[in-house]
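Chemist: Take this structure first; my questions come after.
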Amino acid sequence: MRKLVLKLGALLGAVLLINACQDGDRTMSAQPAGVADLAAGGFSQEGFDDIQEMMETAITDGRISAGIAMVARDGKVAWLGTAGEMEPGIPMRGDAILPLASVGKMFTATAAMILYERGVISLDDPVSKYIPEFADVMVGVTDEDGATSFVAPETPITVYHLLTHTGGLTVTGDEFWAAWDTHTGNTTTTHFARALAAMPLYAQPGTQFRYGQTGASYEVLAAVIEIASGQTLETFMAENIFKPLDLEDSYFYLPDEKSERMPATYRRVDDVLQLDRARGEDFPRSTFFHGGGGVRSAPEDILRFARLFLEGGSVDGVRVLEAETIAMMMSDHLGEKAPERWKLRGLSWGFGAAVEYAEDDIGSGTPGKYGWVGGGFAKLWVDPKERLIAYFNFPMDPPGDNDLLGEFEERVDAAMMDSYKSP
């Protein structure tokens, strides 16, 4: 029950954040593609070898069962590496399809902004316009004696608040988890959103950032998308993101004919990896499409999607969003509301992902890294200054290995011989 959310949701941990490798290839192998001359792309083979060694060592040490990593620059794959096995005796594939968990919020935010550009929704729209139960939500206020009273919100919860996790929604605690267990995988995003509307807000809308373990604001956002569009989130993304961008390996539920491309998933129990889901075993299909992280995808698709954020919303002549909208998504929307531990690292939240601004980036108009992590474990980031896209995923259920995600980012930086950034 509750572990299902951790399988599909995000761990709020360290952030900043194709060629197929067919069965029969050696178990631990790097699969370079795209940029034949790594030096021309500004990378060293030694740096990529270091990432490969990192994955192989993590497998030898029992930290993960398999891994896949990709680094791309200027829209071309510089390196794709795989390690481990899809299942015992079957090498990890370079076209493996893995759950993205909360990295999927980047897709959900993109879907919302498509509706925004079409004038179907406004960022200032009250959520109650789509889900009337939110018109009656109250804010819980606890005094110094521990007594709780309830007051009306000073401003309604809006679509913008959902995008930025600042709506004051209850996203943790026993009441939240009971609603999660009741609805996720069983009903619909709208049913779950209505359940959240019945809970008191923890803060006035727009005043605090709270992600929780699942980023549940994006489940409510998914309900808004479904109601406003008249389609399920799955259908809307398929018609407006997956198909236009030729994302042929991106789904909410993996079709049977591609099940062999989903590796087995493990869970660490008492420092030992134990099988949690066999190769090709997806979650049972339901009418609940997780806006907070239900997409699963393969590296080539992830590259094409991520290029939207490097190329101003258009990939190979196919426009999904306007450049101004992409810039809005990659902007700092928290300011002083960002968690203190984030501000110390120059991090904030955009739409769908975290954003990183170095001190010399402020006011430059060029965003720093944009990306997020998922509890799968997945990590994806886009670096506009370096024209870089990096992706790493390993098939684990929480508790996993956030440290390994951080190690990957460090090694990607170390692999760059030439930086596009100004000295």
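Residue numbers start at 1 in each chain; chains themselves are named A, B, ... in the order of the structure tokens; ligands are numbered from 1 in the order shown.
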Any idea what's packed within 8 Å of Met329 (chain A), counting only C-alpha atoms, ignoring anything in its chain fewer than 2 positions away? Could you give it as a ChimeraX atom specification?
Modeler: /A:325-327,331,350-352
Chemist: Would you mind exporting the chosen residues as a compact mmCIF listing (two decimals), in the first residue's frame, restricted to C-alpha atoms?
Modeler:
```txt
# COMPACT_ATOMS: atom_id res chain seq x y z
CA THR A 325 6.78 29.28 -21.92
CA ILE A 326 9.87 27.08 -21.68
CA ALA A 327 11.75 29.99 -20.09
CA SER A 331 12.63 30.05 -13.91
CA GLY A 350 10.44 26.01 -11.52
CA PHE A 351 7.50 24.21 -13.13
CA GLY A 352 7.98 20.44 -13.07
```
Chemist: Got a sec: who's within 10 Å of Tyr160 (chain A), counting only C-alpha atoms, leaving out chain neighbours fewer than 4 positions off, as JSON, numbers by chain?
Modeler: {"A": [122, 123, 124, 125, 126, 127, 164, 165, 166, 167, 206, 221, 333, 351]}
Chemist: Looking only at alpha helix (DSSP H) from DSSP on the backbone, list the matching residues of region 19-146 of chain A as a PyMOL selection string.
Modeler: chain A and resi 45-60+105-117
Chemist: Find the nearest atom pair between each residue of region 284-373 of chain A and region 184-202 of chain A for residues within 7 Å, count only C-alpha atoms, give distances in Å to one decimal, sort rows by chain and ascending number, and present the table as CSV.
Modeler:
```
residue,atom,partner,partner_atom,distance
A:Ser286,CA,A:Gly185,CA,5.5
A:Thr287,CA,A:Thr188,CA,5.6
A:Phe288,CA,A:Thr188,CA,4.3
A:Phe289,CA,A:Thr189,CA,6.8
```
Chemist: Atoms to include: C-alpha atoms. Write the selected residues as a PDB file, in the first residue's frame.
Modeler:
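Here's the written file result26.pdb:
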```pdb
ATOM      1  CA  SER A 286      -5.806   1.345 -13.545  1.00  0.00           C
ATOM      2  CA  THR A 287      -7.733   4.545 -14.236  1.00  0.00           C
ATOM      3  CA  PHE A 288      -5.383   6.520 -11.974  1.00  0.00           C
ATOM      4  CA  PHE A 289      -2.675   8.206 -14.042  1.00  0.00           C
TER       5      PHE A 289
END
```
Chemist: Tell me which of A:Ala278, A:Val171, A:Ala222, A:Val382 sits closest to Ser259 (chain A), counting only C-alpha atoms.
Modeler: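 Comparing A:Ala278, A:Val171, A:Ala222, A:Val382 against Ser259 (chain A), the winner is A:Ala278.
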Chemist: So that I can check the surroundings of region 54-68 of chain A, please list as a PyMOL selection string every protein, DNA and RNA residue that reaches within 9 Å of it, counting only C-alpha atoms and ignoring chain neighbours fewer than 4 positions away.
Modeler: chain A and resi 28+49-50+80-87+91-94+96+263-268+271-273+299+391-396+400-401+404+407-408+411
Chemist: Keeping only N, CA and C atoms, take the residues you just selected and write them out as a short mmCIF file (atom, residue, chain, number, x, y, z; two decimals), in the first residue's frame.
Modeler:
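again_5.cif, written as the output of this step:
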```
data_model
loop_
_atom_site.label_atom_id
_atom_site.label_comp_id
_atom_site.auth_asym_id
_atom_site.auth_seq_id
_atom_site.Cartn_x
_atom_site.Cartn_y
_atom_site.Cartn_z
N MET A 28 28.31 -5.95 -18.66
CA MET A 28 28.72 -4.61 -18.25
C MET A 28 29.46 -3.97 -19.41
N ASP A 49 34.49 6.48 -19.02
CA ASP A 49 34.93 5.21 -18.42
C ASP A 49 34.74 5.24 -16.91
N ASP A 50 34.95 6.42 -16.32
CA ASP A 50 34.78 6.56 -14.88
C ASP A 50 33.32 6.37 -14.47
N LEU A 80 26.38 6.50 -24.06
CA LEU A 80 25.31 5.72 -23.42
C LEU A 80 25.93 4.50 -22.80
N GLY A 81 25.78 4.33 -21.51
CA GLY A 81 26.39 3.20 -20.82
C GLY A 81 25.36 2.35 -20.11
N THR A 82 25.58 1.05 -20.10
CA THR A 82 24.73 0.13 -19.36
C THR A 82 25.59 -0.76 -18.48
N ALA A 83 24.99 -1.25 -17.41
CA ALA A 83 25.69 -2.18 -16.53
C ALA A 83 24.65 -3.07 -15.86
N GLY A 84 25.05 -4.26 -15.50
CA GLY A 84 24.15 -5.16 -14.80
C GLY A 84 23.27 -5.95 -15.74
N GLU A 85 22.14 -6.41 -15.22
CA GLU A 85 21.29 -7.34 -15.95
C GLU A 85 19.82 -6.96 -15.90
N MET A 86 19.11 -7.27 -16.97
CA MET A 86 17.67 -7.11 -17.00
C MET A 86 17.01 -8.09 -16.02
N GLU A 87 17.58 -9.28 -16.00
CA GLU A 87 17.25 -10.35 -15.06
C GLU A 87 18.46 -11.26 -15.06
N PRO A 91 21.83 -9.43 -20.12
CA PRO A 91 22.48 -8.13 -19.93
C PRO A 91 21.50 -6.97 -20.01
N MET A 92 21.81 -5.92 -19.29
CA MET A 92 21.03 -4.68 -19.34
C MET A 92 21.06 -4.13 -20.76
N ARG A 93 19.91 -3.66 -21.22
CA ARG A 93 19.78 -3.14 -22.58
C ARG A 93 19.91 -1.62 -22.61
N GLY A 94 20.46 -1.13 -23.70
CA GLY A 94 20.57 0.31 -23.87
C GLY A 94 19.26 0.97 -24.21
N ALA A 96 16.44 0.05 -22.57
CA ALA A 96 15.58 -0.35 -21.46
C ALA A 96 14.56 0.75 -21.15
N PRO A 263 13.50 -3.84 -16.96
CA PRO A 263 14.30 -4.74 -16.13
C PRO A 263 13.62 -5.07 -14.80
N ALA A 264 14.08 -6.12 -14.18
CA ALA A 264 13.59 -6.48 -12.85
C ALA A 264 13.92 -5.36 -11.87
N THR A 265 13.06 -5.19 -10.89
CA THR A 265 13.22 -4.14 -9.88
C THR A 265 13.51 -4.78 -8.53
N TYR A 266 14.47 -4.21 -7.82
CA TYR A 266 14.90 -4.75 -6.55
C TYR A 266 14.67 -3.74 -5.43
N ARG A 267 14.64 -4.26 -4.23
CA ARG A 267 14.53 -3.43 -3.03
C ARG A 267 15.62 -3.87 -2.05
N ARG A 268 16.22 -2.89 -1.37
CA ARG A 268 17.25 -3.22 -0.39
C ARG A 268 16.59 -3.53 0.96
N ASP A 271 20.38 -4.41 3.88
CA ASP A 271 21.58 -4.27 3.07
C ASP A 271 21.74 -5.37 2.02
N VAL A 272 20.66 -6.05 1.70
CA VAL A 272 20.69 -7.08 0.67
C VAL A 272 19.61 -6.77 -0.36
N LEU A 273 19.96 -6.87 -1.65
CA LEU A 273 18.98 -6.64 -2.69
C LEU A 273 18.04 -7.83 -2.81
N PRO A 299 15.88 5.79 -23.02
CA PRO A 299 16.82 6.92 -23.18
C PRO A 299 16.60 7.77 -24.42
N TYR A 391 21.18 11.79 -18.02
CA TYR A 391 20.13 10.90 -17.50
C TYR A 391 20.78 9.67 -16.88
N PHE A 392 20.26 9.27 -15.72
CA PHE A 392 20.75 8.09 -15.02
C PHE A 392 19.55 7.42 -14.36
N ASN A 393 19.48 6.09 -14.46
CA ASN A 393 18.36 5.38 -13.85
C ASN A 393 18.82 3.99 -13.46
N PHE A 394 18.35 3.54 -12.31
CA PHE A 394 18.59 2.16 -11.92
C PHE A 394 17.32 1.61 -11.27
N PRO A 395 16.97 0.36 -11.60
CA PRO A 395 15.67 -0.20 -11.22
C PRO A 395 15.61 -0.65 -9.76
N MET A 396 15.39 0.32 -8.88
CA MET A 396 15.30 0.06 -7.45
C MET A 396 14.04 0.70 -6.90
N GLY A 400 16.53 3.62 -1.65
CA GLY A 400 17.51 3.40 -2.70
C GLY A 400 18.83 4.05 -2.40
N ASP A 401 19.42 4.70 -3.37
CA ASP A 401 20.79 5.17 -3.24
C ASP A 401 20.92 6.55 -3.86
N LEU A 404 24.38 7.73 -5.06
CA LEU A 404 24.84 7.31 -6.38
C LEU A 404 24.41 8.32 -7.44
N GLU A 407 26.88 11.05 -7.23
CA GLU A 407 28.16 10.65 -7.80
C GLU A 407 28.12 10.73 -9.33
N PHE A 408 26.99 10.38 -9.91
CA PHE A 408 26.85 10.46 -11.36
C PHE A 408 27.02 11.90 -11.83
N ARG A 411 30.59 13.02 -11.83
CA ARG A 411 31.40 12.41 -12.88
C ARG A 411 31.08 12.98 -14.26
#
```
Chemist: Determine, for each residue of region 261-366 of chain A having at least one atom at most 10 Å from an atom of region 105-112 of chain A, the closest pair of atoms and their separation in Å to one decimal, counting only C-alpha atoms; order by chain and ascending number, as a tab-separated table.
Modeler:
```
residue	atom	partner	partner_atom	distance
A:His290	CA	A:Thr108	CA	9.0
A:Gly291	CA	A:Thr108	CA	5.7
A:Gly292	CA	A:Lys105	CA	5.3
A:Gly293	CA	A:Lys105	CA	5.8
A:Gly294	CA	A:Lys105	CA	8.6
A:Val295	CA	A:Phe107	CA	8.0
A:Phe305	CA	A:Phe107	CA	8.5
A:Ala306	CA	A:Met106	CA	9.1
A:Leu308	CA	A:Thr110	CA	9.7
A:Gly313	CA	A:Thr110	CA	9.7
A:Val320	CA	A:Thr110	CA	8.7
A:Leu321	CA	A:Thr110	CA	8.1
A:Thr325	CA	A:Thr110	CA	9.4
A:Ile326	CA	A:Thr110	CA	8.7
A:Met329	CA	A:Ala109	CA	8.1
A:Gly350	CA	A:Ala109	CA	9.7
A:Phe351	CA	A:Ala109	CA	5.9
A:Gly352	CA	A:Met106	CA	4.2
A:Ala353	CA	A:Met106	CA	6.1
A:Ala354	CA	A:Met106	CA	9.8
```
Chemist: Report, in Å with one decimal, the straight-line distance from CA of Ser149 (chain A) to CA of Trp177 (chain A).
Modeler: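 A separation of 22.3 Å between them.
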Chemist: Give the answer as one residue: which of A:Ala147, A:Leu162, A:Ile157, A:Leu344 has the shortest atom-to-atom distance to Gln204 (chain A), using only C-alpha atoms?
Modeler: A:Ile157
Chemist: Please identify all polymer residues within 6 Å of Ser44 (chain A), counting only C-alpha atoms, omitting same-chain residues fewer than 2 positions from it, and present them as a list in words.
Modeler: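 Selected residues are Glu46, Gly47 and Ala415 of chain A.
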Chemist: Out of region 165-412 of chain A, which residues get strand (DSSP E or B) from DSSP, as a PyMOL selection string?
Modeler: chain A and resi 201+251+265-269+272-277+296-297+314-315+318-319+347-349+354-356+370-374+378-383+388-393+396-397
Chemist: Please measure the separation of CA of Glu117 (chain A) and CA of Val373 (chain A), giving the value in Å to one decimal.
Modeler: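 CA of Val373 (chain A) lies at a distance of 26.6 Å from CA of Glu117 (chain A).
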Chemist: Using only C-alpha atoms, which of A:Arg296, A:Lys343, A:Lys369, A:Arg387 sits nearest Ser102 (chain A)?
Modeler: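 That would be A:Arg296, the residue with the smallest distance to Ser102 (chain A).
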